[in-house]
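Just protein.cif here, mmCIF, C-alpha atoms:
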data_my_file
loop_
_atom_site.label_atom_id
_atom_site.label_comp_id
_atom_site.auth_asym_id
_atom_site.auth_seq_id
_atom_site.Cartn_x
_atom_site.Cartn_y
_atom_site.Cartn_z
CA MET H 1 33.72 -52.21 -1.50
CA ALA H 2 30.08 -52.69 -2.64
CA ARG H 3 28.63 -50.94 0.43
CA PRO H 4 28.99 -47.33 -0.81
CA HIS H 5 27.00 -48.13 -3.92
CA SER H 6 24.26 -49.87 -1.94
CA SER H 7 24.02 -46.92 0.49
CA ALA H 8 23.69 -44.44 -2.34
CA ALA H 9 21.10 -46.64 -4.02
CA ALA H 10 19.11 -46.86 -0.79
CA ALA H 11 19.16 -43.06 -0.38
CA ALA H 12 18.09 -42.38 -3.98
CA PRO H 13 14.36 -43.20 -3.51
CA MET H 14 14.22 -40.96 -0.42
CA VAL H 15 15.80 -38.05 -2.29
CA LEU H 16 13.44 -38.55 -5.23
CA LEU H 17 10.40 -38.60 -2.95
CA LEU H 18 11.57 -35.43 -1.25
CA ALA H 19 12.09 -33.73 -4.61
CA LEU H 20 8.59 -34.67 -5.77
CA SER H 21 7.08 -33.42 -2.51
CA LEU H 22 8.85 -30.07 -2.85
CA SER H 23 7.73 -29.76 -6.46
CA ALA H 24 4.12 -30.48 -5.53
CA PHE H 25 4.31 -27.92 -2.72
CA ALA H 26 5.68 -25.28 -5.10
CA ASP H 27 2.82 -25.87 -7.54
CA ALA H 28 0.12 -25.88 -4.83
CA LYS H 29 -2.42 -23.06 -5.07
CA PRO H 30 -4.17 -21.52 -2.02
CA LYS H 31 -7.88 -22.20 -1.74
CA ASP H 32 -9.04 -18.63 -2.44
CA ALA H 33 -6.43 -17.91 -5.11
CA VAL H 34 -7.40 -18.04 -8.77
CA ASP H 35 -5.53 -17.70 -12.05
CA LEU H 36 -7.43 -15.36 -14.39
CA ASN H 37 -6.37 -17.52 -17.33
CA ASP H 38 -8.67 -20.21 -15.92
CA VAL H 39 -11.65 -17.84 -15.53
CA ALA H 40 -14.05 -17.94 -18.48
CA SER H 41 -16.24 -14.99 -17.46
CA LEU H 42 -16.84 -12.41 -14.75
CA THR H 43 -20.14 -10.75 -13.83
CA PHE H 44 -20.20 -7.38 -12.08
CA ARG H 45 -23.36 -6.06 -10.40
CA ARG H 46 -24.38 -2.65 -9.13
CA GLY H 47 -24.49 -2.42 -5.34
CA LYS H 48 -22.19 -5.42 -4.80
CA GLN H 49 -18.75 -5.19 -3.20
CA THR H 50 -15.60 -7.06 -4.15
CA ALA H 51 -13.80 -9.38 -1.74
CA GLY H 52 -10.72 -7.97 -0.01
CA ARG H 53 -7.76 -9.66 1.68
CA ARG H 54 -4.96 -7.10 1.84
CA SER H 55 -7.30 -4.13 1.43
CA ALA H 56 -10.97 -3.23 1.81
CA GLY H 57 -13.44 -4.26 -0.86
CA VAL H 58 -14.64 -1.80 -3.49
CA PRO H 59 -17.82 -1.56 -5.60
CA GLN H 60 -17.90 -4.17 -8.36
CA LEU H 61 -19.03 -1.47 -10.80
CA SER H 62 -17.50 2.02 -10.85
CA CYS H 63 -18.17 4.67 -13.48
CA VAL H 64 -14.99 6.74 -13.74
CA GLY H 65 -15.47 8.85 -16.86
CA GLY H 66 -17.53 9.80 -19.90
CA ASP H 67 -20.16 12.48 -20.47
CA ALA H 68 -22.95 10.16 -19.25
CA CYS H 69 -21.15 9.08 -16.10
CA SER H 70 -22.64 11.85 -13.97
CA SER H 71 -26.15 11.35 -15.35
CA SER H 72 -28.97 9.52 -13.62
CA TYR H 73 -28.42 6.44 -15.74
CA LEU H 74 -27.23 3.46 -13.71
CA VAL H 75 -25.71 0.30 -15.16
CA ASP H 76 -27.19 -2.71 -13.39
CA ALA H 77 -24.75 -5.40 -14.53
CA VAL H 78 -21.82 -6.00 -16.85
CA GLN H 79 -20.59 -9.40 -17.96
CA CYS H 80 -17.03 -9.85 -19.22
CA HIS H 81 -15.72 -12.88 -21.15
CA ASN H 82 -12.09 -13.99 -21.26
CA THR H 83 -10.84 -13.70 -24.86
CA GLY H 84 -7.22 -14.72 -24.20
CA VAL H 85 -4.01 -12.89 -23.35
CA ASP H 86 -2.03 -10.21 -25.15
CA ASP H 87 1.71 -10.26 -25.88
CA TYR H 88 2.40 -9.02 -22.33
CA GLY H 89 0.51 -11.92 -20.76
CA ASP H 90 -2.42 -9.75 -19.62
CA VAL H 91 -5.89 -11.29 -19.85
CA GLN H 92 -8.19 -9.50 -22.30
CA TRP H 93 -11.92 -9.20 -21.63
CA LYS H 94 -14.92 -8.56 -23.86
CA CYS H 95 -17.56 -6.87 -21.73
CA GLU H 96 -21.28 -6.58 -22.43
CA ALA H 97 -24.09 -4.74 -20.66
CA ASP H 98 -27.85 -4.31 -20.95
CA LEU H 99 -28.10 -0.65 -21.98
CA GLU H 100 -30.53 1.71 -23.66
CA ASP H 101 -29.63 3.10 -27.05
CA SER H 102 -29.01 6.46 -25.41
CA VAL H 103 -25.71 5.42 -23.80
CA ARG H 104 -22.75 3.23 -24.62
CA LEU H 105 -19.80 1.79 -22.74
CA GLY H 106 -16.36 3.27 -23.38
CA GLU H 107 -13.01 2.32 -21.85
CA MET H 108 -13.13 -0.49 -19.30
CA ASN H 109 -10.59 -1.94 -16.89
CA VAL H 110 -10.94 -5.16 -14.92
CA ASN H 111 -9.09 -4.82 -11.59
CA CYS H 112 -8.31 -7.81 -9.38
CA GLU H 113 -6.38 -7.92 -6.10
CA GLY H 114 -3.16 -9.94 -6.17
CA PHE H 115 -3.40 -12.77 -3.65
CA SER H 116 -0.02 -12.32 -1.93
CA SER H 117 1.17 -9.02 -3.38
CA ARG H 118 0.35 -6.45 -6.00
CA THR H 119 2.23 -8.35 -8.70
CA ASP H 120 1.09 -11.85 -7.77
CA ARG H 121 0.00 -13.91 -10.79
CA LEU H 122 -2.75 -15.44 -8.64
CA LYS H 123 -5.73 -13.24 -7.74
CA LEU H 124 -8.06 -13.29 -4.74
CA ARG H 125 -11.30 -15.03 -5.66
CA GLY H 126 -14.18 -12.55 -5.84
CA SER H 127 -11.91 -9.48 -5.73
CA CYS H 128 -12.38 -8.35 -9.33
CA GLY H 129 -14.13 -5.08 -10.06
CA LEU H 130 -14.82 -3.13 -13.25
CA GLU H 131 -14.07 0.52 -13.88
CA TYR H 132 -15.81 1.86 -16.97
CA SER H 133 -16.62 5.05 -18.80
CA LEU H 134 -20.16 5.81 -19.99
CA HIS H 135 -20.92 8.00 -22.99
CA TYR H 136 -24.06 9.40 -24.58
CA THR H 137 -24.96 8.30 -28.07
CA THR H 138 -26.44 10.83 -30.49
CA LYS H 139 -29.94 9.87 -29.32
CA GLY H 140 -28.83 10.17 -25.74
CA ARG H 141 -27.53 13.70 -26.23
CA ASP H 142 -30.80 14.75 -27.82
CA ARG H 143 -32.79 13.26 -24.94
CA SER H 144 -30.46 14.82 -22.39
CA SER H 145 -31.03 18.22 -23.94
CA SER H 146 -34.81 17.69 -23.97
CA TYR H 147 -35.35 16.26 -20.50
CA GLY H 148 -32.28 17.55 -18.65
CA ARG H 149 -29.91 15.58 -16.53
CA GLY H 150 -32.25 15.54 -13.52
CA GLY H 151 -34.67 13.03 -15.00
CA GLY H 152 -35.61 9.74 -13.44
CA ARG H 153 -33.48 6.67 -13.46
CA ARG H 154 -33.34 5.08 -16.90
CA ARG H 155 -33.08 1.34 -17.29
CA GLY H 156 -31.92 -0.72 -20.25
CA SER H 157 -34.70 -2.07 -22.43
CA HIS H 158 -32.86 -4.94 -24.13
CA GLY H 159 -32.53 -8.55 -23.08
CA GLY H 160 -29.08 -10.02 -22.54
CA TYR H 161 -25.94 -7.93 -22.95
CA PRO H 162 -26.15 -6.27 -26.40
CA HIS H 163 -23.73 -3.39 -25.82
CA SER H 164 -20.16 -4.54 -25.66
CA GLY H 165 -16.58 -3.37 -25.51
CA TYR H 166 -13.11 -4.68 -24.78
CA SER H 167 -11.18 -4.40 -21.56
CA SER H 168 -7.77 -5.41 -20.28
CA SER H 169 -6.62 -5.88 -16.70
CA SER H 170 -5.24 -2.66 -15.26
CA TYR H 171 -2.37 -1.74 -12.93
CA ASN H 172 -4.12 0.33 -10.25
CA SER H 173 -2.82 -0.33 -6.71
CA PRO H 174 -3.58 -2.50 -4.78
CA TYR H 175 -4.88 -4.23 -7.87
CA ALA H 176 -2.74 -5.44 -10.74
CA SER H 177 -2.85 -7.05 -14.12
CA SER H 178 -2.45 -10.75 -14.69
CA SER H 179 1.01 -10.25 -16.18
CA TYR H 180 3.56 -13.01 -15.52
CA SER H 181 6.63 -10.78 -15.64
CA SER H 182 7.06 -10.63 -11.86
CA ASP H 183 5.16 -12.48 -9.15
CA ASP H 184 5.56 -14.06 -5.75
CA SER H 185 4.74 -17.55 -6.99
CA SER H 186 7.78 -17.73 -9.25
CA TRP H 187 9.97 -16.37 -6.43
CA VAL H 188 8.73 -19.06 -4.03
CA GLY H 189 9.27 -21.73 -6.68
CA SER H 190 12.85 -20.55 -7.26
CA MET H 191 13.62 -20.58 -3.54
CA LEU H 192 12.23 -24.10 -3.17
CA THR H 193 14.33 -25.28 -6.12
CA VAL H 194 17.48 -23.80 -4.57
CA GLY H 195 16.63 -25.44 -1.25
CA MET H 196 16.13 -28.79 -2.94
CA VAL H 197 19.53 -28.55 -4.65
CA VAL H 198 21.22 -27.64 -1.35
CA LEU H 199 19.51 -30.56 0.37
CA LEU H 200 20.69 -32.97 -2.31
CA ILE H 201 24.26 -31.73 -1.90
CA VAL H 202 24.07 -32.22 1.88
CA VAL H 203 22.72 -35.76 1.45
CA CYS H 204 25.52 -36.64 -0.98
CA LEU H 205 28.18 -35.24 1.38
CA ARG H 206 26.79 -37.25 4.28
CA GLU H 207 26.83 -40.40 2.18
CA GLN H 208 30.47 -39.81 1.27
CA ARG H 209 31.44 -39.22 4.91
CA ALA H 210 29.61 -42.37 5.95
CA THR H 211 31.39 -44.52 3.37
CA ASN H 212 34.95 -43.11 3.83
CA PRO H 213 35.66 -44.69 7.28
CA SER H 214 34.63 -48.16 6.08
CA SER H 215 36.85 -47.78 3.02
CA SER H 216 39.81 -46.78 5.20
CA SER H 217 39.34 -49.70 7.58
CA SER H 218 39.04 -52.14 4.70
CA SER H 219 42.28 -50.86 3.21
CA SER H 220 44.17 -51.11 6.50
CA SER H 221 42.91 -54.64 7.21
CA ASN H 222 44.17 -55.83 3.83
CA ARG H 223 47.74 -54.71 4.54
CA PRO H 224 50.26 -57.57 5.31
#

Kindly return the structure encoded in the file as structure tokens.
Amino acid sequence: MARPHSSAAAAAPMVLLLALSLSAFADAKPKDAVDLNDVASLTFRRGKQTAGRRSAGVPQLSCVGGDACSSSYLVDAVQCHNTGVDDYGDVQWKCEADLEDSVRLGEMNVNCEGFSSRTDRLKLRGSCGLEYSLHYTTKGRDRSSSYGRGGGRRRGSHGGYPHSGYSSSSYNSPYASSSYSSDDSSWVGSMLTVGMVVLLIVVCLREQRATNPSSSSSSSSNRP
């Protein structure tokens, strides 16, 4: 009658190893996938394209609004620093650029392509781009009135990134925020957990079936 216990004990390490393997597989991250929570800063440059996996790449820098957006002023680079997440789980960015005192940055959105889907928590490495608005300051409006909008290209005259503003990840398709409310990774993890439970049940049932015949034969052999 000690055999059923020994069989179950022998199967326990195998089941535990399988469970650990499934857990490690669920937590594994693809090579080109990145969690924005782990990214300290992003640098966007004029003339550079983002990486694309499920869609074509886009310019890293895109001016989408503001009274200075259609001017001849071009922003060469913007650097954004991760300042944490908001109460929705979206990463917040503080962005800085090397600008003249004639213009300033307005609203900004960091857009990154979800690795597996639009709502994936993990993002494709190198896929982030910045959409920003550009506005004239009071000095800029005066200069614009004096020289007109057809003047030559104006470059920033400061070192570093003195002009700054805040940005949060946006929801524009095929890009998405870093929100954790719904993503493929959690779905895959749930499916693997269910599969592991089902596998454990199957193993237990097989162990019971294997031990029942021996128990029956032992009982019949002990009869007078």

Legend entry - Polymer residues at most 12 Å from H:Leu124, all atoms listed in the file, same-chain spacing of 5 or more positions, as an NGL selection string: :H and (29-36 or 50-55 or 57 or 111-118 or 129 or 174-176 or 178)

Inset, instruction - List the residues selected by the PyMOL selection byres ((chain H and resi 76) around 8) in the file shown, writing them as a PyMOL selection string. - result: chain H and resi 45-46+74-75+77-78+98

Let me see the file: selected residues, C-alpha atoms, as a PDB file, keeping the file's coordinate frame.
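Now in again.pdb:
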ATOM      1  CA  ARG H  45     -23.360  -6.060 -10.400  1.00  0.00           C
ATOM      2  CA  ARG H  46     -24.380  -2.650  -9.130  1.00  0.00           C
ATOM      3  CA  LEU H  74     -27.230   3.460 -13.710  1.00  0.00           C
ATOM      4  CA  VAL H  75     -25.710   0.300 -15.160  1.00  0.00           C
ATOM      5  CA  ALA H  77     -24.750  -5.400 -14.530  1.00  0.00           C
ATOM      6  CA  VAL H  78     -21.820  -6.000 -16.850  1.00  0.00           C
ATOM      7  CA  ASP H  98     -27.850  -4.310 -20.950  1.00  0.00           C
TER       8      ASP H  98
END

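Near H:Asn37, within 10 Å and counting all atoms listed in the file, sit Val34, Asp35, Val39, Ala40, Asn82, Thr83, Gly84, Val85, Gly89, Asp90, Val91, Gln92, Arg121, Leu122 and Ser178 of chain H; same-chain residues fewer than 2 positions away were not included.
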
Legend entry - Shell around H:Leu105 at 10 Å using all atoms listed in the file, local window under 5 positions removed, as a PyMOL selection string: chain H and resi 63+66+68-69+75+78+95-97+99+132-137+163-166

Inset, instruction - Grab the atom CA of H:Lys123 to atom CA of H:Arg104 distance for me, in Å with one decimal place. - result: 29.1 Å

Legend entry - Interatomic distance (Å, one decimal) between atom CA of H:Asp67 and atom CA of H:Val110: 20.7 Å

Inset, instruction - For the structure shown, which residues end up in the PyMOL selection byres ((chain H and resi 140) around 9)? Put them as a list in words, please? - result: Ala68, Glu100, Asp101, Ser102, Val103, His135, Tyr136, Thr137, Thr138, Lys139, Arg141, Asp142, Arg143, Ser144 and Ser145 of chain H

Save out the residues we just selected, C-alpha atoms, as a PDB file, in the frame of the given file.
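Dumped to result33.pdb:
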ATOM      1  CA  ALA H  68     -22.950  10.160 -19.250  1.00  0.00           C
ATOM      2  CA  GLU H 100     -30.530   1.710 -23.660  1.00  0.00           C
ATOM      3  CA  ASP H 101     -29.630   3.100 -27.050  1.00  0.00           C
ATOM      4  CA  SER H 102     -29.010   6.460 -25.410  1.00  0.00           C
ATOM      5  CA  VAL H 103     -25.710   5.420 -23.800  1.00  0.00           C
ATOM      6  CA  HIS H 135     -20.920   8.000 -22.990  1.00  0.00           C
ATOM      7  CA  TYR H 136     -24.060   9.400 -24.580  1.00  0.00           C
ATOM      8  CA  THR H 137     -24.960   8.300 -28.070  1.00  0.00           C
ATOM      9  CA  THR H 138     -26.440  10.830 -30.490  1.00  0.00           C
ATOM     10  CA  LYS H 139     -29.940   9.870 -29.320  1.00  0.00           C
ATOM     11  CA  ARG H 141     -27.530  13.700 -26.230  1.00  0.00           C
ATOM     12  CA  ASP H 142     -30.800  14.750 -27.820  1.00  0.00           C
ATOM     13  CA  ARG H 143     -32.790  13.260 -24.940  1.00  0.00           C
ATOM     14  CA  SER H 144     -30.460  14.820 -22.390  1.00  0.00           C
ATOM     15  CA  SER H 145     -31.030  18.220 -23.940  1.00  0.00           C
TER      16      SER H 145
END

Inset, instruction - Have a look at atom CA of H:Gln208 and atom CA of H:Met196 and let me know their distance in Å, one decimal. - result: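 A separation of 18.6 Å between them.
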
Legend entry - Selection result of the PyMOL selection byres ((chain H and resi 108) around 6) on this file, as a list in words: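 When the PyMOL selection byres ((chain H and resi 108) around 6) is applied to the shown file, the picked residues are Glu107, Asn109, Glu131, Tyr132 and Ser167 of chain H.
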
Legend entry - Nearest to H:Asp38, chosen from H:Tyr73, H:Ser127, H:His81, H:Asp120, with all atoms listed in the file counted in the distances: H:His81

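Minimum atom-to-atom distance to H:Cys128, evaluated using only C-alpha atoms, belongs to H:Val58 out of H:Arg206, H:Val58, H:Leu199, H:Ser72.
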